[in-house]
Structures are given as structure tokens and as C-alpha cells.
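Enquirer: File follows, protein05.cif with mmCIF, C-alpha atoms and all ligand atoms:
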```cif
data_target
#
loop_
_atom_site.label_atom_id
_atom_site.label_comp_id
_atom_site.auth_asym_id
_atom_site.auth_seq_id
_atom_site.Cartn_x
_atom_site.Cartn_y
_atom_site.Cartn_z
CA MET A 1409 164.82 38.40 9.09
CA ASN A 1410 163.76 36.89 5.77
CA PRO A 1411 166.62 37.15 3.24
CA SER A 1412 164.22 38.35 0.55
CA ARG A 1413 163.41 41.41 2.65
CA ARG A 1414 166.53 43.48 3.14
CA PRO A 1415 166.33 45.64 6.27
CA LEU A 1416 165.01 49.12 5.57
CA ILE A 1417 165.74 52.03 7.87
CA ALA A 1418 163.73 55.14 7.03
CA GLY A 1419 164.05 58.54 8.69
CA ASN A 1420 160.96 60.72 8.86
CA TRP A 1421 162.26 64.23 9.45
CA LYS A 1422 158.71 65.58 10.02
CA MET A 1423 158.63 69.41 10.15
CA TYR A 1424 162.31 69.81 11.02
CA LYS A 1425 165.46 70.71 9.07
CA GLY A 1426 163.73 72.29 6.10
CA GLY A 1427 166.66 74.49 5.03
CA ARG A 1428 170.45 74.59 5.21
CA THR A 1429 170.52 72.37 8.31
CA GLY A 1430 168.65 69.75 6.30
CA VAL A 1431 171.35 69.66 3.63
CA GLU A 1432 174.00 69.39 6.35
CA LEU A 1433 172.15 66.49 7.97
CA ALA A 1434 171.88 64.73 4.60
CA GLN A 1435 175.61 65.26 4.01
CA ASP A 1436 176.40 63.69 7.39
CA ILE A 1437 174.09 60.74 6.71
CA VAL A 1438 175.72 60.16 3.31
CA LYS A 1439 179.19 60.24 4.98
CA SER A 1440 178.23 57.67 7.58
CA SER A 1441 176.48 55.49 5.00
CA HIS A 1442 179.84 54.77 3.35
CA SER A 1443 180.89 52.48 6.18
CA LEU A 1444 177.53 50.73 6.28
CA GLY A 1445 177.87 48.21 3.46
CA SER A 1446 175.04 47.01 1.31
CA GLY A 1447 173.08 44.97 3.84
CA VAL A 1448 170.58 47.68 4.65
CA ASP A 1449 168.47 50.17 2.67
CA LEU A 1450 168.59 53.74 3.97
CA VAL A 1451 165.77 56.16 3.15
CA ILE A 1452 165.36 59.75 4.34
CA ALA A 1453 162.19 61.84 4.18
CA PRO A 1454 162.99 65.55 4.54
CA PRO A 1455 160.40 68.36 4.30
CA PHE A 1456 159.33 69.49 0.81
CA THR A 1457 161.35 72.72 0.97
CA VAL A 1458 164.64 70.87 1.01
CA LEU A 1459 163.82 67.80 -1.12
CA ALA A 1460 165.50 69.08 -4.29
CA ALA A 1461 168.66 70.16 -2.46
CA VAL A 1462 168.86 66.86 -0.57
CA ALA A 1463 168.28 64.98 -3.83
CA SER A 1464 171.57 66.48 -5.11
CA THR A 1465 173.32 65.63 -1.86
CA VAL A 1466 172.36 61.94 -1.96
CA GLU A 1467 172.65 61.55 -5.74
CA ASP A 1468 175.81 59.45 -5.88
CA SER A 1469 175.22 57.60 -2.64
CA SER A 1470 173.13 54.63 -1.55
CA VAL A 1471 170.81 56.90 0.48
CA GLN A 1472 167.36 57.05 -1.09
CA LEU A 1473 164.86 59.88 -0.94
CA ALA A 1474 161.27 59.83 0.30
CA ALA A 1475 158.59 62.48 0.65
CA GLN A 1476 156.43 62.71 3.74
CA ASN A 1477 153.21 63.42 1.91
CA PHE A 1478 151.58 64.36 -1.41
CA TYR A 1479 148.16 65.00 -2.92
CA PRO A 1480 146.88 62.13 -5.09
CA LYS A 1481 146.30 64.06 -8.34
CA ASN A 1482 148.84 64.53 -11.10
CA GLU A 1483 148.24 68.24 -11.56
CA GLY A 1484 145.50 70.81 -11.27
CA ALA A 1485 144.14 73.72 -9.30
CA PHE A 1486 145.04 72.40 -5.84
CA THR A 1487 146.67 75.37 -4.17
CA GLY A 1488 149.47 74.43 -1.85
CA GLU A 1489 149.59 70.77 -2.81
CA ILE A 1490 152.37 68.63 -4.31
CA SER A 1491 151.70 65.87 -6.85
CA PRO A 1492 153.35 62.44 -7.04
CA SER A 1493 154.89 63.24 -10.43
CA MET A 1494 156.48 66.35 -8.90
CA LEU A 1495 158.03 64.13 -6.24
CA LYS A 1496 159.37 61.78 -8.91
CA ASP A 1497 160.84 64.75 -10.79
CA CYS A 1498 162.47 65.86 -7.57
CA GLY A 1499 164.27 62.54 -7.14
CA CYS A 1500 161.97 60.76 -4.69
CA ALA A 1501 161.64 56.99 -4.94
CA TRP A 1502 159.50 56.56 -1.81
CA VAL A 1503 156.62 58.28 -0.05
CA ILE A 1504 155.17 57.96 3.45
CA ILE A 1505 151.38 57.53 3.48
CA GLY A 1506 148.88 57.43 6.32
CA HIS A 1507 151.16 58.61 9.10
CA SER A 1508 149.17 58.93 12.31
CA GLU A 1509 149.94 62.65 12.45
CA ARG A 1510 148.20 63.06 9.09
CA ARG A 1511 145.31 60.88 10.18
CA GLN A 1512 145.01 62.77 13.48
CA TYR A 1513 145.67 66.42 12.53
CA PHE A 1514 144.59 66.48 8.88
CA GLY A 1515 141.66 64.08 8.99
CA GLU A 1516 143.11 61.55 6.56
CA SER A 1517 140.76 58.58 6.43
CA ASN A 1518 141.39 54.97 5.49
CA SER A 1519 139.78 55.59 2.10
CA PHE A 1520 141.99 58.64 1.42
CA VAL A 1521 145.02 56.56 2.42
CA ALA A 1522 143.92 53.92 -0.11
CA GLU A 1523 143.55 56.58 -2.82
CA LYS A 1524 147.07 57.79 -2.08
CA VAL A 1525 148.50 54.25 -2.22
CA THR A 1526 146.95 53.81 -5.69
CA SER A 1527 148.29 57.16 -6.85
CA ALA A 1528 151.80 56.57 -5.51
CA LEU A 1529 152.06 53.16 -7.17
CA ALA A 1530 150.72 54.55 -10.46
CA ASN A 1531 153.54 57.08 -10.34
CA ASP A 1532 156.24 54.58 -9.51
CA LEU A 1533 156.71 55.81 -5.95
CA VAL A 1534 157.06 53.09 -3.34
CA PRO A 1535 154.70 53.71 -0.44
CA ILE A 1536 155.60 53.27 3.21
CA VAL A 1537 152.07 52.97 4.57
CA CYS A 1538 151.61 53.58 8.30
CA VAL A 1539 149.15 51.83 10.58
CA GLY A 1540 148.81 51.79 14.35
CA GLU A 1541 146.50 52.09 17.31
CA THR A 1542 146.05 54.87 19.87
CA LEU A 1543 146.63 54.36 23.59
CA ALA A 1544 142.87 54.20 24.23
CA GLN A 1545 142.47 51.54 21.55
CA ARG A 1546 145.33 49.47 23.01
CA GLN A 1547 143.87 49.75 26.50
CA ALA A 1548 140.52 48.60 25.14
CA ASN A 1549 142.25 45.56 23.57
CA GLU A 1550 141.42 46.81 20.09
CA THR A 1551 144.96 46.93 18.69
CA LEU A 1552 144.72 44.02 16.28
CA ARG A 1553 141.22 44.96 15.14
CA VAL A 1554 142.24 48.58 14.42
CA VAL A 1555 145.40 47.62 12.53
CA GLU A 1556 143.51 44.97 10.56
CA GLY A 1557 140.93 47.57 9.51
CA GLN A 1558 143.61 50.06 8.45
CA LEU A 1559 145.39 47.40 6.39
CA ASN A 1560 142.14 46.15 4.93
CA ALA A 1561 141.60 49.57 3.33
CA PHE A 1562 144.59 49.15 0.98
CA ILE A 1563 145.46 45.44 0.96
CA ASP A 1564 143.78 44.77 -2.40
CA ILE A 1565 145.73 47.62 -3.99
CA ILE A 1566 149.13 46.38 -2.83
CA ALA A 1567 148.22 42.78 -3.67
CA ARG A 1568 147.62 43.81 -7.31
CA SER A 1569 150.84 45.81 -7.54
CA PRO A 1570 154.10 44.22 -8.70
CA HIS A 1571 155.99 46.71 -6.49
CA ALA A 1572 156.98 45.61 -3.01
CA VAL A 1573 155.65 48.24 -0.62
CA ALA A 1574 156.55 48.72 3.03
CA ILE A 1575 154.09 48.87 5.91
CA ALA A 1576 155.10 50.68 9.09
CA TYR A 1577 153.46 49.67 12.33
CA GLU A 1578 153.58 52.80 14.46
CA PRO A 1579 151.61 52.59 17.71
CA VAL A 1580 150.44 56.19 18.23
CA TRP A 1581 151.23 56.05 21.96
CA ALA A 1582 154.89 55.30 21.17
CA ILE A 1583 155.45 58.17 18.74
CA GLY A 1584 157.64 60.92 20.17
CA THR A 1585 156.88 59.78 23.72
CA GLY A 1586 159.94 57.71 24.52
CA LYS A 1587 157.54 54.82 25.26
CA VAL A 1588 158.71 52.20 22.83
CA ALA A 1589 156.71 49.03 22.22
CA GLY A 1590 158.62 46.07 23.58
CA PRO A 1591 159.94 43.63 21.00
CA GLY A 1592 157.20 41.18 22.00
CA GLU A 1593 154.46 43.79 21.54
CA ALA A 1594 155.84 44.88 18.17
CA GLU A 1595 156.32 41.31 16.95
CA GLU A 1596 152.76 40.35 17.93
CA VAL A 1597 151.30 43.04 15.67
CA HIS A 1598 153.81 42.36 12.89
CA VAL A 1599 152.86 38.67 12.94
CA ALA A 1600 149.18 39.62 12.68
CA ILE A 1601 149.92 41.91 9.71
CA ARG A 1602 152.00 39.21 8.04
CA LYS A 1603 149.17 36.68 8.49
CA GLN A 1604 146.62 39.08 7.03
CA LEU A 1605 148.90 39.62 4.00
CA ALA A 1606 149.42 35.86 3.63
CA ALA A 1607 145.68 35.21 3.76
CA LYS A 1608 145.36 37.54 0.76
CA ASP A 1609 148.42 36.27 -1.08
CA GLU A 1610 151.50 34.36 0.14
CA ALA A 1611 153.83 36.22 -2.21
CA LEU A 1612 152.53 39.54 -0.89
CA ALA A 1613 153.38 38.46 2.66
CA THR A 1614 156.86 37.36 1.60
CA ARG A 1615 157.78 40.53 -0.28
CA THR A 1616 156.28 43.20 2.02
CA ARG A 1617 158.70 44.78 4.48
CA LEU A 1618 157.18 45.50 7.88
CA LEU A 1619 158.81 48.38 9.72
CA TYR A 1620 158.35 49.29 13.35
CA GLY A 1621 158.13 52.99 14.29
CA GLY A 1622 157.73 54.78 17.61
CA SER A 1623 160.64 55.98 19.78
CA VAL A 1624 163.22 53.83 17.98
CA LYS A 1625 166.64 54.80 19.33
CA PRO A 1626 170.15 53.33 19.05
CA GLU A 1627 169.62 51.74 22.50
CA ASN A 1628 166.49 49.77 21.59
CA ALA A 1629 166.94 49.23 17.85
CA ALA A 1630 168.85 45.93 17.98
CA ALA A 1631 166.22 44.17 20.11
CA LEU A 1632 163.36 45.35 17.89
CA LEU A 1633 165.19 44.53 14.67
CA ALA A 1634 166.01 41.05 15.96
CA CYS A 1635 162.30 40.13 15.78
CA ALA A 1636 161.60 37.73 12.94
CA ASN A 1637 158.87 39.91 11.43
CA VAL A 1638 160.47 43.33 11.96
CA ASP A 1639 162.16 44.14 8.65
CA GLY A 1640 163.25 47.64 9.53
CA ALA A 1641 162.33 50.85 11.29
CA LEU A 1642 160.64 54.17 10.61
CA VAL A 1643 162.53 56.59 12.82
CA GLY A 1644 161.41 60.08 13.88
CA GLY A 1645 163.36 61.99 16.55
CA ALA A 1646 166.52 59.87 16.39
CA CYS A 1647 166.88 60.36 12.63
CA LEU A 1648 167.58 64.09 13.08
CA ASP A 1649 171.03 63.19 14.34
CA ALA A 1650 173.27 61.47 11.79
CA ALA A 1651 175.17 59.49 14.44
CA SER A 1652 171.97 58.11 15.99
CA PHE A 1653 170.42 57.33 12.61
CA SER A 1654 173.58 55.48 11.52
CA ALA A 1655 173.73 53.57 14.80
CA ILE A 1656 170.18 52.33 14.15
CA ALA A 1657 171.16 51.40 10.58
CA ARG A 1658 174.16 49.47 11.90
CA ALA A 1659 171.89 47.58 14.29
CA ALA A 1660 169.89 46.49 11.24
CA ASN A 1661 172.94 45.48 9.28
CA ARG A 1662 174.11 42.58 11.40
P1 LIG B 1 159.64 59.02 16.96
O1 LIG B 1 160.77 58.11 16.55
O2 LIG B 1 160.07 60.42 17.23
O3 LIG B 1 158.82 58.41 18.06
O4 LIG B 1 158.66 59.13 15.68
C1 LIG B 1 158.24 57.98 15.04
C2 LIG B 1 157.54 58.37 13.79
O5 LIG B 1 156.46 58.93 13.83
C3 LIG B 1 158.18 58.05 12.51
O6 LIG B 1 157.31 58.24 11.46
#
```
Mind converting the file's structure to C-alpha cells?

Expert:
Amino acid sequence: MNPSRRPLIAGNWKMYKGGRTGVELAQDIVKSSHSLGSGVDLVIAPPFTVLAAVASTVEDSSVQLAAQNFYPKNEGAFTGEISPSMLKDCGCAWVIIGHSERRQYFGESNSFVAEKVTSALANDLVPIVCVGETLAQRQANETLRVVEGQLNAFIDIIARSPHAVAIAYEPVWAIGTGKVAGPGEAEEVHVAIRKQLAAKDEALATRTRLLYGGSVKPENAAALLACANVDGALVGGACLDAASFSAIARAANR
């Protein structure tokens, strides 16, 4: 782990815990964060409906708030959408962009992902941009080519930005399936991403945190986080339980 990239553990709550149970989960995460020390950054991404309430819960703690999505316009007649400035007002510092579920179910393209990265950065939200291949692409030996193409869509934007963004490598076949990429498989892709960043700009490669996501659990977190180019994790299922999420954070904080 490079000392300039503090481990980052982010919890993507997806479409769970959008009400009172969300506030309770945030309270439990804040409680367990007290014993964690300052060696790891903790970020949680609850659903929109509970963002404001969770913002109050985490206010005096080290737990930071992310949104799972937004629409890349500041305001306007966009029924049902949420703008980046609204997220800022709500207390968000981070936002997840390009999650495979958005690419797959909501047709988000590489160019829309790039537009969202620009918009987030312009609004002082730090993006966690997701990339990753499907099972069919991995079986066809296309993993590195697919991830390179996804990163290529926004690499110029993050290279120009003074903010250090995070990139999450989330192999689609590992999300919610219990099939975690082995540390070797994760590290291979992370190394390729790091090289692509370095080819653009060495400083970009040094400052960008690369997270692994896909069935990260307390049992496998330490081995993944021990990889030289794995700077943290983007956790789905296991982040809905405060004890599991904290155990993963502790594995990062060694
Ligand atoms: P799981 O940890 O449930 O596999 O989800 C990973 C994910 O999609 C995080 O964004």
C-alpha cells in the first residue's frame, strides 16, 4: 500500500435501508468507527431517501457520506432526478459513478459516465468511478481491453483535475455472487489500471486510489487489501451489517 494513498473502504448500500433502518445502520457504523483509528477512510453510500438523516448521524464522526448516483445538471426540468449541488447541500463529499448496475439496467454508457465525472468534479464531489468486465468478457480474455476502454472514457478528465478520485474495479461476475476475484486476479487488473494512469501522468497514478469490489467479506478482505495496488474496497452486501463492514475496515487498517 502506497503511503500517499490511505486505504478507503466504501459501502454501497444499493436499494436497501432507505428509512429508519438506514439511520440505525449509520449509527452502528459510527459507533464502531471510534475504535478504528485514523489509518483508514470510511465512506457510506445510502439511498437518496435517507441521505439527509444519515448526514446528521455521521456529522461529528470520521464517517464520510457518498451518493450512489446523480444526474449531471445543476438544476432544471428533470423530473425525478437529483443534481450534484443537491448532494453537496445534503452533506455528500463523494459519489459513485458508472456502477455496473447502472451501466447494465439503466443503459449508462462510457460517454455518460465521463459527463458525470466532469459534473461531479465541477461540484466538488469526489467520484468513485466503477469499471469491470462481465463473465463473458473475462471468458473471452477481454478483461484488460474492456477495463482499458472504460477508463479511457474519463482518464483525461481525472488527469486535469486537482482532486484525487477513486477508481473501483468491480468484475461484474463477482458482484453479489459470492464469487470473489482472487487477490492475483484483482491485482493483475489493478496493475493494468495503474500503468494506464501512469502512461497518462505519473502523479495521477500515484494519487488515484484503486478499490476492489465484488463479494468483499470480512473473510477475504485482508488478502485482497494486502495487494500492493489494492488501496481499498467498495463493499455491497457486507456493508449492510455494521460488524462486517467494520471488520473489513479493520483489515484495511493494519
Ligand atoms: P457485493 O459486495 O454485494 O458483491 O457488491 C459489490 C458492489 O457492487 C459494490 O458496489

Enquirer: With only C-alpha atoms as the basis for distance, which of A:Leu1552, A:Val1534, A:Ala1611, A:Val1597 is at the shortest distance from Ala1567 in chain A?

Expert: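 Going through A:Leu1552, A:Val1534, A:Ala1611, A:Val1597 one by one, the smallest distance to Ala1567 in chain A is for A:Ala1611.
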
Enquirer: Give as an mmCIF file with C-alpha atoms, in the frame of the given file the residues surrounding ligand LIG 1 (chain B) up to a distance of 7 Å, considering all atoms listed in the file.

Expert:
```cif
data_model
loop_
_atom_site.group_PDB
_atom_site.id
_atom_site.type_symbol
_atom_site.label_atom_id
_atom_site.label_comp_id
_atom_site.auth_asym_id
_atom_site.auth_seq_id
_atom_site.Cartn_x
_atom_site.Cartn_y
_atom_site.Cartn_z
ATOM 1 C CA ASN A 1420 160.960 60.720 8.860
ATOM 2 C CA HIS A 1507 151.160 58.610 9.100
ATOM 3 C CA GLU A 1578 153.580 52.800 14.460
ATOM 4 C CA ALA A 1582 154.890 55.300 21.170
ATOM 5 C CA ILE A 1583 155.450 58.170 18.740
ATOM 6 C CA GLY A 1584 157.640 60.920 20.170
ATOM 7 C CA THR A 1585 156.880 59.780 23.720
ATOM 8 C CA GLY A 1586 159.940 57.710 24.520
ATOM 9 C CA GLY A 1621 158.130 52.990 14.290
ATOM 10 C CA GLY A 1622 157.730 54.780 17.610
ATOM 11 C CA SER A 1623 160.640 55.980 19.780
ATOM 12 C CA VAL A 1624 163.220 53.830 17.980
ATOM 13 C CA LEU A 1642 160.640 54.170 10.610
ATOM 14 C CA VAL A 1643 162.530 56.590 12.820
ATOM 15 C CA GLY A 1644 161.410 60.080 13.880
ATOM 16 C CA GLY A 1645 163.360 61.990 16.550
ATOM 17 C CA ALA A 1646 166.520 59.870 16.390
#
```

Enquirer: Which value, in Å to one decimal, gives the distance between CA of Ile1452 in chain A and CA of Lys1439 in chain A?

Expert: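 According to the coordinates, CA of Ile1452 in chain A and CA of Lys1439 in chain A are separated by 13.9 Å.
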
Enquirer: Would you pick out the contacts of Arg1662 in chain A at 10 Å or less, using only C-alpha atoms, so that residues sharing its chain but fewer than 6 positions from it are not included, and give the list as a PyMOL selection string?

Expert: chain A and resi 1415+1447-1448+1630+1633-1634

Enquirer: Work out how far CA of Glu1432 in chain A is from CA of Asp1532 in chain A, in Å to one decimal.

Expert: 28.0 Å

Enquirer: Using all atoms listed in the file, which protein or nucleic acid residues come within 10 Å of Ile1565 in chain A? Drop anything in the same chain fewer than 6 positions from it, and give the result as a PyMOL selection string.

Expert: chain A and resi 1522-1523+1525-1526+1529

Enquirer: Go ahead and compute the interatomic distance for CA of Lys1481 in chain A and CA of Tyr1620 in chain A, in Å to one decimal.

Expert: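 CA of Lys1481 in chain A sits 28.9 Å away from CA of Tyr1620 in chain A.
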
Enquirer: Which residue, A:Val1580, A:Ala1613, A:Ala1655, A:Ala1650, has the smallest gap to Asn1637 in chain A when you use all atoms listed in the file?

Expert: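 Closest candidate: A:Ala1613.
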
Enquirer: When distances are computed from only C-alpha atoms, which of A:Val1539, A:Val1555, A:Thr1487, A:Phe1653 shows the smallest separation from Leu1619 in chain A?

Expert: A:Val1539

Enquirer: Which residue, A:Gly1488, A:Pro1570, A:Gly1430, A:Pro1591, has the smallest gap to Thr1616 in chain A when you use all atoms listed in the file?

Expert: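 When distances to Thr1616 in chain A are compared using all atoms listed in the file, the smallest one comes from A:Pro1570.
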
Enquirer: Rank A:Met1423, A:Leu1559, A:Ile1656, A:Ala1528 by their smallest atom-to-atom distance to Pro1454 in chain A, using all atoms listed in the file, and report the top residue only.

Expert: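 Checking each candidate against Pro1454 in chain A, we get A:Met1423 as the closest.
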
Enquirer: Taking all atoms of range 1514-1525 of chain A that appear in the file, build a box with edges along x, y and z, extend it by 4 Å on every side, and state its centre and edge lengths in Å to one decimal, as AutoDock Vina command-line options.

Expert:
```
--center_x 144.1 --center_y 60.2 --center_z 3.1 --size_x 16.7 --size_y 20.6 --size_z 19.8
```

Enquirer: Could you tell me which of A:Val1438, A:Val1537, A:Ala1485, A:Ala1453 comes closest to Ala1501 in chain A if we count only C-alpha atoms?

Expert: A:Ala1453
